[in-house]
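One structure is given below, encoded as structure tokens.
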Amino acid sequence: MTPIELEIGMGRAHFLFERASIVPTHQVVGIEYKERWVKQALRKQQREQIYNVTPIHGDAWEVVPQLFAPESLSLIILNFPDPWWKKRHHKRRVLNENFLEILVSLLKPDGQFFFQSDVLELFEIYSKLLESKLKKLPCEENPLGAKSHREKKCEEFEKPVYRILLFKNNPLNQRLASSSCSSVGGNLSSGISSDTTSKSSSKSNKWLSLALSSSVKCLVASLAPTCA
Ligand SMILES: C[S@@+](CC[C@H](N)C(=O)[O-])C[C@H]1O[C@@H](n2cnc3c(N)ncnc32)[C@H](O)[C@@H]1O
């Protein structure tokens, strides 16, 4: 089975494409509700024929529960979610107890969740929530080998970034994950699946990408008619 990774709120999709090139046998799905970023990612995906990337337009709260089967995701990534500073806007924050419960149910038993933010206040709130459902492994560096647009900006302006890596269940192979977590640019993929270097599933990736895309077309048509 092709491992599926999900990035919530992919923005300009820098992370999505970099990650897809690092794990060519994984399907990397990104969900974003700003239409222009999704259209841009779709154009890049088609122009460069990158079959293991699936950009999806929609609200993660609506799309995610419809799109994925229980225990189907190897990795969920939340890069620099919007802080929604004002108290009256807190209800728009993407991670809440209900949505996290759904996300946890979609993670495989050995599934992992990576979250990073440059907003300490939000990091503390989300980390607490995440740690209530998942087992944490503190992370100083990004272990995934791919960087989002916001992460690159933080690096450029030397802004601190707070990170956490969590496991659905106690990690059997802590060694792999912790070694990735302690080195800049380490690659977590080896901790997720043993087939990351195999080329044999490139056809199934293509198939999966097309299959996802067609179901996504229905979703896009029903949820976001302007992007259909
Ligand atoms: C601060 S930006 C970060 C973008 C990117 N992850 C990065 O690190 O550069 C947060 C992104 O999440 C998207 N977003 C927020 N809530 C969302 C939701 N419920 N569903 C889909 N996208 C969402 C926003 O549109 C925005 O592009």
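We label chains A, B, ... in the order they appear in the structure tokens, count residues from 1 in each chain, and number ligands from 1 in the order shown.
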
Pick out the residues no farther than 7 Å from ligand 1, counting only C-alpha atoms and all ligand atoms, and list them as a PDB file with C-alpha atoms, in the first residue's frame.
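Output contents, as saved in pocket-v9.pdb:
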```pdb
ATOM      1  CA  ILE A   8      -3.262  20.678   6.225  1.00  0.00           C
ATOM      2  CA  GLY A   9      -3.187  24.303   5.021  1.00  0.00           C
ATOM      3  CA  MET A  10      -0.386  23.822   2.490  1.00  0.00           C
ATOM      4  CA  GLY A  11      -0.357  27.510   1.401  1.00  0.00           C
ATOM      5  CA  ARG A  12       2.076  27.964  -1.502  1.00  0.00           C
ATOM      6  CA  ALA A  13       2.812  24.214  -1.494  1.00  0.00           C
ATOM      7  CA  ILE A  31      -5.463  20.716   1.469  1.00  0.00           C
ATOM      8  CA  GLU A  32      -5.840  24.454   1.228  1.00  0.00           C
ATOM      9  CA  TYR A  33      -8.860  26.723   1.141  1.00  0.00           C
ATOM     10  CA  LYS A  34      -7.221  29.588  -0.737  1.00  0.00           C
ATOM     11  CA  GLY A  58     -11.408  23.003   0.290  1.00  0.00           C
ATOM     12  CA  ASP A  59     -11.842  23.419   3.988  1.00  0.00           C
ATOM     13  CA  ALA A  60      -9.890  20.718   5.782  1.00  0.00           C
ATOM     14  CA  TRP A  61     -12.703  20.353   8.334  1.00  0.00           C
ATOM     15  CA  LEU A  78       0.587  21.028  10.147  1.00  0.00           C
ATOM     16  CA  ASN A  79       3.035  23.749   9.097  1.00  0.00           C
ATOM     17  CA  PHE A  80       2.565  27.207  10.592  1.00  0.00           C
ATOM     18  CA  PRO A  81      -1.230  27.295  10.940  1.00  0.00           C
ATOM     19  CA  ASP A  82      -2.947  30.669  11.118  1.00  0.00           C
ATOM     20  CA  ARG A  93      -8.215  27.870  14.513  1.00  0.00           C
ATOM     21  CA  VAL A  94      -7.823  24.752  12.433  1.00  0.00           C
ATOM     22  CA  SER A 148       7.238  25.327   3.791  1.00  0.00           C
ATOM     23  CA  HIS A 149       7.229  28.916   2.525  1.00  0.00           C
ATOM     24  CA  ARG A 150       6.724  30.217   6.068  1.00  0.00           C
ATOM     25  CA  GLU A 151       9.555  28.069   7.400  1.00  0.00           C
TER      26      GLU A 151
END
```

All helix (DSSP H, G or I) residues (DSSP, backbone) inside stretch 35-144 of chain A, as number ranges by chain: A: 35-47, 60-67, 87-92, 97-106, 120-131

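With only C-alpha atoms as the atoms that count, the minimum distance from A:Asn142 to the choices A:Trp85, A:Phe123, A:Phe167, A:Phe15 is reached by A:Phe15.
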
Please identify all polymer residues within 12 Å of A:Ile4, counting only C-alpha atoms, omitting same-chain residues fewer than 2 positions from it, and present them as number ranges by chain. A: 1-2, 6-7, 19-20, 23-30, 52-54, 67-69, 71-77, 106-108, 111-112, 189, 192-193, 196, 205, 208-209, 212

Report the distance between atom CA of A:Leu95 and atom CA of A:Glu156 in Å, rounded to one decimal place. 26.9 Å

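The gap separating atom CA of A:Ile50 from atom CA of A:Ser117 is 27.6 Å, in Å to one decimal.
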
Can you list, as a compact mmCIF listing (two decimals) with C-alpha atoms, in the first residue's frame, all residues belonging to stretch 19-157 of chain A that DSSP tags as strand (DSSP E or B)?
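What landed in states30.txt:
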```
# COMPACT_ATOMS: atom_id res chain seq x y z
CA GLN A 27 1.33 10.05 -2.00
CA VAL A 28 1.52 13.57 -0.53
CA VAL A 29 -1.87 15.25 -0.29
CA GLY A 30 -2.25 18.95 0.51
CA ILE A 31 -5.46 20.72 1.47
CA GLU A 32 -5.84 24.45 1.23
CA VAL A 53 1.32 15.13 -5.18
CA THR A 54 -2.39 15.81 -4.82
CA PRO A 55 -3.37 19.42 -4.09
CA ILE A 56 -6.96 19.77 -2.98
CA HIS A 57 -9.09 22.87 -2.70
CA LEU A 73 -2.57 8.11 6.83
CA SER A 74 1.10 7.58 7.59
CA LEU A 75 1.85 11.17 8.44
CA ILE A 76 -0.11 14.36 9.07
CA ILE A 77 1.71 17.68 8.81
CA LEU A 78 0.59 21.03 10.15
CA ASN A 79 3.03 23.75 9.10
CA LEU A 107 -3.72 7.88 11.33
CA LYS A 108 -2.37 4.37 10.90
CA PRO A 109 -1.36 2.65 14.15
CA ASP A 110 2.25 3.64 13.43
CA GLY A 111 1.17 7.02 12.05
CA GLN A 112 2.89 10.25 12.98
CA PHE A 113 1.92 13.90 13.34
CA PHE A 114 4.34 16.77 12.78
CA PHE A 115 3.47 20.30 13.84
CA GLN A 116 5.56 23.46 13.70
CA SER A 117 4.86 27.13 14.31
CA LYS A 135 2.70 10.40 22.20
CA LYS A 136 5.19 13.16 21.76
CA LEU A 137 8.80 13.35 20.72
CA PRO A 138 10.19 16.88 21.08
```

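For the choices A:Glu35, A:Glu140, A:Glu101, A:Glu48, the atom-to-atom distance to A:Pro65 is smallest for A:Glu101 when using only C-alpha atoms.
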
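Among the candidates A:Arg88, A:Gly145, A:Phe99, A:Asn170, the residue lying nearest to A:Leu16 is A:Gly145 (atoms considered: only C-alpha atoms).
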
Atom-to-atom span, atom CA of A:Arg47 and atom CA of A:Leu144, Å: 24.8 Å
